[in-house]
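File shown here: target_9.pdb, holding PDB, C-alpha atoms and all ligand atoms.
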ATOM      1  CA  MET X 227     131.972 188.379 131.212
ATOM      2  CA  THR X 228     131.620 192.026 132.274
ATOM      3  CA  ALA X 229     128.233 193.364 133.320
ATOM      4  CA  ALA X 230     126.535 195.770 130.895
ATOM      5  CA  ALA X 231     127.014 199.415 131.836
ATOM      6  CA  PRO X 232     123.847 201.275 132.887
ATOM      7  CA  ALA X 233     122.070 202.986 129.980
ATOM      8  CA  ALA X 234     122.744 206.366 131.575
ATOM      9  CA  GLU X 235     126.489 205.841 131.124
ATOM     10  CA  ILE X 236     126.205 204.386 127.617
ATOM     11  CA  CYS X 237     124.613 207.578 126.269
ATOM     12  CA  GLU X 238     126.504 209.972 128.527
ATOM     13  CA  VAL X 239     123.529 211.282 130.473
ATOM     14  CA  THR X 240     124.144 211.504 134.188
ATOM     15  CA  LEU X 241     120.792 211.194 135.888
ATOM     16  CA  PRO X 242     119.921 211.672 139.555
ATOM     17  CA  ASP X 243     118.943 208.703 141.713
ATOM     18  CA  THR X 244     115.406 207.976 140.493
ATOM     19  CA  ARG X 245     114.555 205.068 142.796
ATOM     20  CA  ARG X 246     112.229 207.257 144.862
ATOM     21  CA  TRP X 247     109.813 207.442 141.922
ATOM     22  CA  GLU X 248     107.128 204.764 142.321
ATOM     23  CA  ARG X 249     104.375 205.937 139.984
ATOM     24  CA  LYS X 250     103.085 204.070 136.984
ATOM     25  CA  HIS X 251     100.740 206.905 135.879
ATOM     26  CA  LEU X 252     100.823 210.702 136.012
ATOM     27  CA  LEU X 253      97.258 211.909 136.440
ATOM     28  CA  GLY X 254      97.711 215.215 138.272
ATOM     29  CA  LEU X 255      99.931 217.099 140.709
ATOM     30  CA  GLN X 256      97.429 217.128 143.570
ATOM     31  CA  ASP X 257      98.827 213.951 145.134
ATOM     32  CA  VAL X 258     102.419 214.276 143.900
ATOM     33  CA  SER X 259     104.897 215.267 146.628
ATOM     34  CA  ALA X 260     107.355 218.174 146.525
ATOM     35  CA  GLU X 261     110.177 215.617 146.433
ATOM     36  CA  GLU X 262     108.688 213.877 143.380
ATOM     37  CA  ILE X 263     108.169 217.196 141.591
ATOM     38  CA  LEU X 264     111.789 218.171 142.206
ATOM     39  CA  LEU X 265     112.905 214.788 140.902
ATOM     40  CA  VAL X 266     111.052 215.373 137.605
ATOM     41  CA  LEU X 267     112.605 218.843 137.287
ATOM     42  CA  ASN X 268     116.078 217.479 138.012
ATOM     43  CA  VAL X 269     115.746 214.651 135.491
ATOM     44  CA  ALA X 270     114.456 217.141 132.881
ATOM     45  CA  GLN X 271     117.533 219.299 133.534
ATOM     46  CA  CYS X 272     119.717 216.347 132.466
ATOM     47  CA  PHE X 273     117.998 216.320 129.069
ATOM     48  CA  LYS X 274     118.967 219.940 128.377
ATOM     49  CA  THR X 275     122.189 221.285 126.904
ATOM     50  CA  PRO X 276     124.187 224.125 128.509
ATOM     51  CA  ASN X 277     122.777 226.621 125.976
ATOM     52  CA  GLY X 278     119.190 225.941 127.094
ATOM     53  CA  ALA X 279     118.130 223.668 124.212
ATOM     54  CA  VAL X 280     116.906 220.101 124.615
ATOM     55  CA  ARG X 281     119.326 217.339 123.590
ATOM     56  CA  ARG X 282     118.615 216.245 120.033
ATOM     57  CA  ASP X 283     120.546 212.991 120.012
ATOM     58  CA  LYS X 284     118.498 209.804 120.228
ATOM     59  CA  LEU X 285     118.704 208.374 123.729
ATOM     60  CA  PRO X 286     117.948 204.645 124.127
ATOM     61  CA  PHE X 287     115.817 204.679 127.291
ATOM     62  CA  LEU X 288     112.458 203.858 125.632
ATOM     63  CA  LYS X 289     113.740 201.619 122.840
ATOM     64  CA  GLY X 290     111.085 199.027 121.934
ATOM     65  CA  LYS X 291     108.317 200.972 123.728
ATOM     66  CA  THR X 292     105.242 202.542 122.118
ATOM     67  CA  LEU X 293     103.462 205.757 123.090
ATOM     68  CA  VAL X 294      99.943 206.556 121.874
ATOM     69  CA  ASN X 295      98.642 210.117 121.826
ATOM     70  CA  LEU X 296      94.898 209.792 122.520
ATOM     71  CA  PHE X 297      93.609 213.344 122.124
ATOM     72  CA  PHE X 298      89.891 214.210 122.123
ATOM     73  CA  GLU X 299      90.576 217.960 122.155
ATOM     74  CA  ASN X 300      92.828 219.993 119.919
ATOM     75  CA  SER X 301      96.440 220.588 120.841
ATOM     76  CA  THR X 302      99.595 221.951 119.269
ATOM     77  CA  ARG X 303     102.196 222.064 122.045
ATOM     78  CA  THR X 304     101.289 219.096 124.248
ATOM     79  CA  ARG X 305     100.683 216.509 121.543
ATOM     80  CA  THR X 306     103.730 217.385 119.459
ATOM     81  CA  SER X 307     106.055 217.665 122.435
ATOM     82  CA  PHE X 308     104.990 214.260 123.772
ATOM     83  CA  GLU X 309     105.679 212.877 120.297
ATOM     84  CA  LEU X 310     109.079 214.523 120.140
ATOM     85  CA  ALA X 311     109.968 213.547 123.715
ATOM     86  CA  ALA X 312     109.085 209.900 123.057
ATOM     87  CA  LYS X 313     111.033 209.855 119.789
ATOM     88  CA  ARG X 314     114.099 211.432 121.416
ATOM     89  CA  LEU X 315     113.979 208.515 123.879
ATOM     90  CA  SER X 316     113.718 206.030 120.940
ATOM     91  CA  ALA X 317     110.041 205.043 121.417
ATOM     92  CA  ASP X 318     107.561 204.469 118.593
ATOM     93  CA  VAL X 319     104.660 206.948 118.504
ATOM     94  CA  LEU X 320     101.096 206.564 117.299
ATOM     95  CA  ASN X 321      98.813 209.604 116.989
ATOM     96  CA  PHE X 322      95.139 208.716 117.371
ATOM     97  CA  THR X 323      92.526 211.113 115.979
ATOM     98  CA  ALA X 324      89.164 210.588 117.662
ATOM     99  CA  SER X 325      87.105 212.359 114.999
ATOM    100  CA  THR X 326      88.176 209.943 112.247
ATOM    101  CA  SER X 327      88.138 206.821 114.433
ATOM    102  CA  SER X 328      85.473 204.161 115.058
ATOM    103  CA  MET X 329      84.325 206.214 118.055
ATOM    104  CA  SER X 330      82.205 208.045 115.489
ATOM    105  CA  LYS X 331      80.383 204.688 115.060
ATOM    106  CA  GLY X 332      79.724 204.407 118.803
ATOM    107  CA  GLU X 333      82.814 202.591 120.131
ATOM    108  CA  THR X 334      83.458 203.546 123.765
ATOM    109  CA  ILE X 335      86.639 205.240 124.960
ATOM    110  CA  LEU X 336      87.581 202.173 127.000
ATOM    111  CA  ASP X 337      87.077 199.792 124.089
ATOM    112  CA  THR X 338      89.115 202.198 121.968
ATOM    113  CA  ALA X 339      91.931 202.213 124.522
ATOM    114  CA  ARG X 340      91.838 198.409 124.692
ATOM    115  CA  VAL X 341      92.066 198.150 120.900
ATOM    116  CA  ILE X 342      95.124 200.393 120.957
ATOM    117  CA  GLU X 343      96.595 198.444 123.818
ATOM    118  CA  ALA X 344      96.096 195.128 122.015
ATOM    119  CA  MET X 345      98.476 196.445 119.355
ATOM    120  CA  GLY X 346     101.153 196.922 122.012
ATOM    121  CA  SER X 347     101.122 200.318 123.724
ATOM    122  CA  ASP X 348     103.149 201.129 126.822
ATOM    123  CA  PHE X 349     102.082 204.768 127.344
ATOM    124  CA  ILE X 350      98.725 206.402 126.650
ATOM    125  CA  VAL X 351      98.761 210.213 126.694
ATOM    126  CA  CYS X 352      95.154 211.333 127.074
ATOM    127  CA  ARG X 353      93.465 214.707 126.607
ATOM    128  CA  HIS X 354      89.707 214.907 127.086
ATOM    129  CA  SER X 355      87.146 217.589 127.900
ATOM    130  CA  CYS X 356      85.670 215.435 130.681
ATOM    131  CA  PRO X 357      87.527 215.682 134.038
ATOM    132  CA  GLY X 358      88.634 212.282 135.328
ATOM    133  CA  THR X 359      88.877 210.543 131.931
ATOM    134  CA  PRO X 360      92.631 209.774 132.361
ATOM    135  CA  ASP X 361      91.927 208.388 135.877
ATOM    136  CA  TYR X 362      89.177 206.184 134.440
ATOM    137  CA  LEU X 363      91.484 204.825 131.752
ATOM    138  CA  ALA X 364      94.298 204.279 134.250
ATOM    139  CA  ALA X 365      91.983 202.133 136.369
ATOM    140  CA  HIS X 366      91.188 199.862 133.424
ATOM    141  CA  VAL X 367      94.208 199.632 131.143
ATOM    142  CA  TRP X 368      97.586 198.086 131.498
ATOM    143  CA  SER X 369      99.553 200.939 129.896
ATOM    144  CA  SER X 370     100.856 203.939 131.819
ATOM    145  CA  VAL X 371      98.410 206.827 131.458
ATOM    146  CA  ILE X 372      99.523 210.460 131.379
ATOM    147  CA  ASN X 373      96.972 213.222 131.747
ATOM    148  CA  ALA X 374      97.508 215.759 128.954
ATOM    149  CA  GLY X 375      94.604 217.924 130.183
ATOM    150  CA  ASP X 376      91.151 216.835 131.415
ATOM    151  CA  GLY X 377      88.509 219.548 131.329
ATOM    152  CA  ALA X 378      89.201 222.191 133.969
ATOM    153  CA  HIS X 379      90.779 219.622 136.302
ATOM    154  CA  GLU X 380      94.559 219.218 135.732
ATOM    155  CA  HIS X 381      97.329 219.467 133.154
ATOM    156  CA  PRO X 382     100.249 218.104 135.170
ATOM    157  CA  THR X 383     103.022 218.268 132.569
ATOM    158  CA  GLN X 384     102.147 221.933 131.900
ATOM    159  CA  GLY X 385     102.420 222.622 135.643
ATOM    160  CA  LEU X 386     105.794 220.863 135.712
ATOM    161  CA  LEU X 387     107.199 222.717 132.704
ATOM    162  CA  ASP X 388     105.997 226.027 134.148
ATOM    163  CA  MET X 389     107.780 225.325 137.435
ATOM    164  CA  PHE X 390     110.876 224.173 135.564
ATOM    165  CA  THR X 391     110.934 227.438 133.576
ATOM    166  CA  MET X 392     110.492 229.558 136.710
ATOM    167  CA  ARG X 393     113.306 227.729 138.487
ATOM    168  CA  GLU X 394     115.538 227.941 135.417
ATOM    169  CA  HIS X 395     115.236 231.737 135.348
ATOM    170  CA  LYS X 396     114.918 232.541 139.049
ATOM    171  CA  GLY X 397     117.127 229.794 140.505
ATOM    172  CA  ARG X 398     114.440 228.775 143.009
ATOM    173  CA  LEU X 399     110.691 228.470 143.570
ATOM    174  CA  GLU X 400     110.575 229.071 147.298
ATOM    175  CA  ASP X 401     109.245 232.536 148.254
ATOM    176  CA  LEU X 402     108.679 233.616 144.648
ATOM    177  CA  LYS X 403     105.574 235.735 144.176
ATOM    178  CA  VAL X 404     103.763 234.015 141.307
ATOM    179  CA  VAL X 405     100.591 235.636 139.974
ATOM    180  CA  ILE X 406      98.214 233.445 137.985
ATOM    181  CA  LEU X 407      96.103 235.848 136.013
ATOM    182  CA  GLY X 408      92.892 235.335 134.055
ATOM    183  CA  ASP X 409      90.284 232.634 133.602
ATOM    184  CA  ILE X 410      91.026 230.500 136.669
ATOM    185  CA  LEU X 411      87.573 228.897 136.672
ATOM    186  CA  HIS X 412      88.073 226.981 133.431
ATOM    187  CA  SER X 413      91.823 226.443 133.760
ATOM    188  CA  ARG X 414      93.419 223.050 134.339
ATOM    189  CA  VAL X 415      96.783 224.811 133.991
ATOM    190  CA  ALA X 416      95.951 227.035 136.982
ATOM    191  CA  ARG X 417      95.085 224.035 139.149
ATOM    192  CA  SER X 418      98.250 222.089 138.337
ATOM    193  CA  ASN X 419     100.338 225.252 138.901
ATOM    194  CA  ILE X 420      98.645 225.862 142.250
ATOM    195  CA  TRP X 421      99.125 222.297 143.509
ATOM    196  CA  GLY X 422     102.785 222.273 142.507
ATOM    197  CA  LEU X 423     103.855 225.805 143.410
ATOM    198  CA  THR X 424     102.264 225.834 146.874
ATOM    199  CA  LYS X 425     104.018 222.536 147.712
ATOM    200  CA  LEU X 426     107.341 224.056 146.696
ATOM    201  CA  GLY X 427     106.926 227.161 148.842
ATOM    202  CA  ALA X 428     105.958 229.823 146.286
ATOM    203  CA  HIS X 429     103.531 232.583 147.253
ATOM    204  CA  VAL X 430     100.707 232.159 144.736
ATOM    205  CA  VAL X 431      98.280 234.985 143.982
ATOM    206  CA  VAL X 432      95.326 234.347 141.679
ATOM    207  CA  CYS X 433      93.762 237.314 139.939
ATOM    208  CA  GLY X 434      90.819 237.779 137.594
ATOM    209  CA  PRO X 435      87.160 238.766 137.581
ATOM    210  CA  LYS X 436      85.155 237.389 140.533
ATOM    211  CA  THR X 437      83.076 235.325 138.125
ATOM    212  CA  LEU X 438      86.199 233.545 136.830
ATOM    213  CA  ILE X 439      87.622 232.569 140.238
ATOM    214  CA  PRO X 440      85.936 229.709 142.169
ATOM    215  CA  PRO X 441      84.877 231.072 145.594
ATOM    216  CA  THR X 442      86.567 228.220 147.507
ATOM    217  CA  LEU X 443      89.935 228.555 145.788
ATOM    218  CA  TYR X 444      91.585 230.206 148.815
ATOM    219  CA  ARG X 445      91.378 226.795 150.514
ATOM    220  CA  LEU X 446      94.235 225.654 148.269
ATOM    221  CA  GLY X 447      96.572 228.081 150.041
ATOM    222  CA  VAL X 448      96.515 230.893 147.499
ATOM    223  CA  GLU X 449      95.824 234.605 147.893
ATOM    224  CA  VAL X 450      92.869 235.832 145.838
ATOM    225  CA  CYS X 451      92.913 239.344 144.380
ATOM    226  CA  TYR X 452      90.455 240.922 141.949
ATOM    227  CA  HIS X 453      92.533 243.981 141.012
ATOM    228  CA  LEU X 454      95.323 243.567 138.486
ATOM    229  CA  ASP X 455      97.611 246.398 139.658
ATOM    230  CA  GLU X 456      97.410 245.230 143.267
ATOM    231  CA  ALA X 457      98.008 241.570 142.339
ATOM    232  CA  ILE X 458     101.087 242.104 140.166
ATOM    233  CA  LYS X 459     102.809 244.586 142.519
ATOM    234  CA  ASP X 460     106.329 243.201 143.191
ATOM    235  CA  ALA X 461     105.528 240.000 141.285
ATOM    236  CA  ASP X 462     108.450 237.732 140.306
ATOM    237  CA  VAL X 463     106.369 235.801 137.789
ATOM    238  CA  ILE X 464     103.075 236.473 136.013
ATOM    239  CA  ASN X 465     101.544 233.373 134.457
ATOM    240  CA  LEU X 466      98.727 234.494 132.186
ATOM    241  CA  LEU X 467      95.838 232.280 131.204
ATOM    242  CA  ARG X 468      93.874 232.260 128.014
ATOM    243  CA  ILE X 469      90.266 233.381 128.111
ATOM    244  CA  GLN X 470      88.666 230.067 127.160
ATOM    245  CA  LEU X 471      85.811 231.290 125.027
ATOM    246  CA  GLU X 472      84.949 227.710 124.008
ATOM    247  CA  ARG X 473      84.267 226.777 127.666
ATOM    248  CA  GLN X 474      82.199 229.840 128.615
ATOM    249  CA  GLN X 475      78.687 228.524 129.190
ATOM    250  CA  LYS X 476      77.188 231.860 130.194
ATOM    251  CA  ASN X 477      78.250 235.447 130.142
ATOM    252  CA  LEU X 478      80.815 235.540 132.937
ATOM    253  CA  PHE X 479      82.128 238.966 131.969
ATOM    254  CA  PRO X 480      80.408 241.690 129.961
ATOM    255  CA  SER X 481      82.694 241.832 126.930
ATOM    256  CA  ILE X 482      86.201 241.113 125.645
ATOM    257  CA  ARG X 483      86.713 244.872 125.528
ATOM    258  CA  GLU X 484      85.976 245.240 129.226
ATOM    259  CA  TYR X 485      88.109 242.220 130.113
ATOM    260  CA  ARG X 486      91.048 243.707 128.194
ATOM    261  CA  HIS X 487      90.517 247.050 129.928
ATOM    262  CA  LEU X 488      90.543 245.556 133.439
ATOM    263  CA  TYR X 489      92.836 242.525 133.115
ATOM    264  CA  GLY X 490      94.764 242.764 129.838
ATOM    265  CA  LEU X 491      98.521 242.926 130.542
ATOM    266  CA  THR X 492     100.311 245.793 128.811
ATOM    267  CA  ASP X 493     103.826 247.248 129.103
ATOM    268  CA  LYS X 494     102.447 250.210 131.036
ATOM    269  CA  ARG X 495     100.797 248.016 133.640
ATOM    270  CA  LEU X 496     103.898 245.847 134.003
ATOM    271  CA  GLY X 497     105.717 248.756 135.650
ATOM    272  CA  VAL X 498     104.555 247.816 139.179
ATOM    273  CA  ALA X 499     105.955 244.271 138.968
ATOM    274  CA  LYS X 500     109.626 243.553 139.770
ATOM    275  CA  PRO X 501     112.040 244.848 137.092
ATOM    276  CA  ASP X 502     113.040 241.266 136.214
ATOM    277  CA  VAL X 503     109.505 239.843 136.233
ATOM    278  CA  LEU X 504     108.958 236.739 134.065
ATOM    279  CA  ILE X 505     105.977 236.684 131.738
ATOM    280  CA  MET X 506     104.582 233.236 131.064
ATOM    281  CA  HIS X 507     101.610 231.866 129.150
ATOM    282  CA  PRO X 508     100.785 228.204 128.459
ATOM    283  CA  GLY X 509      99.359 229.095 125.051
ATOM    284  CA  PRO X 510      97.574 229.431 122.805
ATOM    285  CA  VAL X 511      97.698 233.198 123.327
ATOM    286  CA  ASN X 512      94.759 235.533 122.647
ATOM    287  CA  ARG X 513      96.876 238.500 121.553
ATOM    288  CA  GLY X 514      95.260 241.798 122.389
ATOM    289  CA  VAL X 515      92.942 240.206 124.967
ATOM    290  CA  GLU X 516      94.803 238.881 128.033
ATOM    291  CA  ILE X 517      98.202 240.067 126.789
ATOM    292  CA  SER X 518      99.419 242.795 124.427
ATOM    293  CA  ASP X 519     101.854 242.061 121.603
ATOM    294  CA  GLU X 520     104.615 244.097 123.244
ATOM    295  CA  VAL X 521     104.403 242.027 126.452
ATOM    296  CA  ALA X 522     104.051 238.658 124.665
ATOM    297  CA  ASP X 523     107.099 239.399 122.486
ATOM    298  CA  GLY X 524     108.984 241.603 124.961
ATOM    299  CA  PRO X 525     112.169 241.028 126.982
ATOM    300  CA  HIS X 526     110.362 239.576 130.011
ATOM    301  CA  SER X 527     108.533 236.914 128.024
ATOM    302  CA  VAL X 528     109.640 233.265 128.301
ATOM    303  CA  ILE X 529     106.653 231.882 126.411
ATOM    304  CA  THR X 530     108.724 230.110 123.754
ATOM    305  CA  ARG X 531     111.187 228.840 126.387
ATOM    306  CA  GLN X 532     108.211 227.180 128.114
ATOM    307  CA  VAL X 533     107.536 225.269 124.899
ATOM    308  CA  THR X 534     111.180 224.151 124.643
ATOM    309  CA  ASN X 535     111.172 223.041 128.274
ATOM    310  CA  GLY X 536     107.977 221.075 127.651
ATOM    311  CA  VAL X 537     109.967 218.560 125.627
ATOM    312  CA  ALA X 538     112.532 218.057 128.429
ATOM    313  CA  ILE X 539     109.798 217.700 131.059
ATOM    314  CA  ARG X 540     107.896 215.136 128.990
ATOM    315  CA  MET X 541     111.126 213.195 128.410
ATOM    316  CA  ALA X 542     111.657 213.174 132.183
ATOM    317  CA  VAL X 543     108.106 211.999 132.919
ATOM    318  CA  LEU X 544     108.344 209.206 130.327
ATOM    319  CA  TYR X 545     111.772 208.192 131.637
ATOM    320  CA  LEU X 546     110.506 207.956 135.230
ATOM    321  CA  LEU X 547     107.276 206.122 134.397
ATOM    322  CA  ASN X 548     109.263 203.675 132.288
ATOM    323  CA  GLN X 549     111.669 203.033 135.172
ATOM    324  CA  GLU X 550     108.718 202.084 137.334
ATOM    325  CA  ARG X 551     107.259 199.865 134.611
ATOM    326  CA  GLU X 552     110.588 198.048 134.328
ATOM    327  CA  ARG X 553     110.790 197.697 138.105
ATOM    328  CA  LEU X 554     107.304 196.133 138.061
ATOM    329  CA  GLY X 555     108.324 193.868 135.160
ATOM    330  CA  LEU X 556     105.626 195.265 132.823
ATOM    331  CA  ARG X 557     106.046 194.632 129.084
ATOM    332  CA  SER X 558     103.754 195.560 126.217
ATOM    333  CA  GLN X 559     101.363 192.801 125.090
TER     334      GLN X 559
HETATM  335  N1  LIG J 601      99.570 224.513 126.763
HETATM  336  C1  LIG J 601      98.843 223.644 126.023
HETATM  337  O1  LIG J 601      98.270 222.703 126.548
HETATM  338  O2  LIG J 601      98.850 223.913 124.687
HETATM  339  P1  LIG J 601      98.171 222.985 123.578
HETATM  340  O3  LIG J 601      96.674 223.100 123.773
HETATM  341  O4  LIG J 601      98.620 223.557 122.264
HETATM  342  O5  LIG J 601      98.628 221.580 123.790
END
Could the structure of this file be written out as structure tokens, please?
Amino acid sequence: MTAAAPAAEICEVTLPDTRRWERKHLLGLQDVSAEEILLVLNVAQCFKTPNGAVRRDKLPFLKGKTLVNLFFENSTRTRTSFELAAKRLSADVLNFTASTSSMSKGETILDTARVIEAMGSDFIVCRHSCPGTPDYLAAHVWSSVINAGDGAHEHPTQGLLDMFTMREHKGRLEDLKVVILGDILHSRVARSNIWGLTKLGAHVVVCGPKTLIPPTLYRLGVEVCYHLDEAIKDADVINLLRIQLERQQKNLFPSIREYRHLYGLTDKRLGVAKPDVLIMHPGPVNRGVEISDEVADGPHSVITRQVTNGVAIRMAVLYLLNQERERLGLRSQ
């Protein structure tokens, strides 16, 4: 009898050696090494086609597995791309809506997760306004937990897809000048970008009003700049952040009008950056506030490419976590 061929050969995907990955959960990029980050990016590359799209054929890697999207905050990109990524890898997907669940009758988040798990989940993708919620779940459940954004703490798959998109367009991350511009204080995207980019050798500059940049941020190895024109001079990449009006607890800047005047990115202002500067934004975009229409839709913008790459990155993360689960002999209950 001949031995079964590895799945990678059956479906004609040639993947890198993934044995170095030993994580069951993905909770943030703070404690993920440069080598692990590069492995995720390289696996994601294998799920793309030469024309930049993500493979649409059903790959068998997660056949028989179930992913649950457990979102306590709204989402368009993250929730749908996890669903699509899981389905492209042949998993079943369940979308849980907190507002219509028994949590409205007082059931705790842990009891809720255990109910879901009792029905046979392998992956729980969690978004919550409270930092640390995915870590808490990971400590108590049997499934693999993926942080899809916890308060202003981390959004690791967004950080990974941002780095993937930068590398795809620039060919490298090392020595790139990456400016993260806007509401750093409330941004989990900024933190995951900073952890990842500094490990991979990029020069990270954060820019925004003093009130929207934590005073100790420089300790993470970034340059802090409060003036837009100075910050974006010779920039390779500008990653803009949304002004998170829903998280503003007090008046941290005088008005939207003043913010736009001082920090809104327009074509005119872009002139001091490098001629091939990349414009990125995790979305959703406040058009006419942090970014003008002509920049958001202009030739430098890769905002929609980021969304496409999000599917490949989430496929890679699910693939790697599943490999570790199989290595540990974990099966859904
Ligand atoms: N970037 C991001 O997290 O977008 P969503 O809120 O739409 O998921």
### Message
Set the distance at 10 Å and use only C-alpha atoms: which residues neighbour segment 308-324 of chain X once local chain neighbours fewer than 2 positions away are removed? I'd like the list as a PyMOL selection string.
### Response
chain X and resi 273+280-300+303-306+326-330+335+338+342+347-351+374+383+536-545
Residue members of the PyMOL selection byres (((chain X and resi 466) around 8) and not hetatm) in the file shown, as a short mmCIF file (atom, residue, chain, number, x, y, z; two decimals) with C-alpha atoms, keeping the file's coordinate frame:
data_model
loop_
_atom_site.label_atom_id
_atom_site.label_comp_id
_atom_site.auth_asym_id
_atom_site.auth_seq_id
_atom_site.Cartn_x
_atom_site.Cartn_y
_atom_site.Cartn_z
CA ILE X 406 98.21 233.44 137.99
CA LEU X 407 96.10 235.85 136.01
CA GLY X 408 92.89 235.34 134.06
CA ILE X 464 103.08 236.47 136.01
CA ASN X 465 101.54 233.37 134.46
CA LEU X 467 95.84 232.28 131.20
CA ARG X 468 93.87 232.26 128.01
CA ILE X 505 105.98 236.68 131.74
CA MET X 506 104.58 233.24 131.06
CA HIS X 507 101.61 231.87 129.15
CA PRO X 508 100.78 228.20 128.46
CA GLU X 516 94.80 238.88 128.03
CA ILE X 517 98.20 240.07 126.79
#
### Message
When the PyMOL selection byres (((chain X and resi 409) around 7) and not hetatm) is applied to the structure above, which residues does it catch, written out as a list in words?
### Response
Gly408, Ile410, Leu411, His412, Ser413, Gly434, Leu438, Leu467, Arg468 and Ile469 of chain X
### Task
Give the answer as one residue: which of X:Gly358, X:Pro435, X:Pro242, X:Gly375 has the shortest atom-to-atom distance to ligand LIG 601 (chain J), using all atoms listed in the file?
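For ligand LIG 601 (chain J), the nearest of the candidates is X:Gly375.
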### Message
On this structure, the PyMOL selection byres (((chain X and resi 398-401) around 10) and not hetatm) would catch which residues? List them as a list in words, sorted by chain and number.
### Response
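Here the PyMOL selection byres (((chain X and resi 398-401) around 10) and not hetatm) matches Met389, Phe390, Met392, Arg393, Glu394, His395, Lys396, Gly397, Leu402, Lys403, Val404, Leu423, Thr424, Lys425, Leu426, Gly427, Ala428, His429, Val430 and Asp462 of chain X.
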### Query
What does the distance from atom CA of Lys500 of chain X to atom CA of Ala461 of chain X come to in Å, to one decimal?
5.6 Å
### Task
For each of X:Leu386, X:Cys451, X:Ile439, X:Ala522, take the minimum atom-to-atom distance to ligand LIG 601 (chain J), counting only C-alpha atoms and all ligand atoms, then give the residue where this is smallest.
X:Leu386
### Message
Let me make sure I understand: among X:Asp460, X:Asp243, X:Glu520, X:Asp388, which one has the smallest atom-to-atom distance to ligand LIG 601 (chain J) if we use only C-alpha atoms and all ligand atoms?
### Response
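Closest candidate: X:Asp388.
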### Message
As an exercise, work out the distance from atom CA of Arg414 of chain X to atom CA of Asn373 of chain X in Å and give it to one decimal place.
### Response
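Going from atom CA of Arg414 of chain X over to atom CA of Asn373 of chain X, I get 10.8 Å.
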### Task
Kindly provide, as a ChimeraX atom specification, the polymer residues lying within 10 Å of (94.5, 244.7, 124.4), counting all atoms listed in the file and using the coordinates exactly as they appear in the file.
/X:482-492,512-519
Give the padded box for ligand LIG 601 (chain J) as AutoDock Vina command-line options: axis-aligned, covering all atoms listed in the file, 3 Å on each side, centre and edge lengths in Å to one decimal.
--center_x 98.1 --center_y 223.0 --center_z 124.5 --size_x 8.9 --size_y 8.9 --size_z 10.5
### Query
With all atoms listed in the file as the basis for distance, which of X:Thr240, X:Thr530, X:Ser301, X:Gln549 is at the shortest distance from ligand LIG 601 (chain J)?
X:Ser301
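Counting from atom CA of Ala364 of chain X, the distance to atom CA of Asn268 of chain X is 25.7 Å.
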### Message
Restricting the calculation to only C-alpha atoms and all ligand atoms: of X:Val498, X:Cys272, X:Val405, X:Cys352, which residue gets closest to ligand LIG 601 (chain J)?
### Response
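The answer is X:Cys352, which sits nearest to ligand LIG 601 (chain J).
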### Task
Considering all atoms listed in the file, state which residue in the set X:Arg445, X:Lys459, X:His379, X:Lys250 is at the smallest distance from Arg553 of chain X.
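Of X:Arg445, X:Lys459, X:His379, X:Lys250, the one nearest Arg553 of chain X, counting all atoms listed in the file, is X:Lys250.
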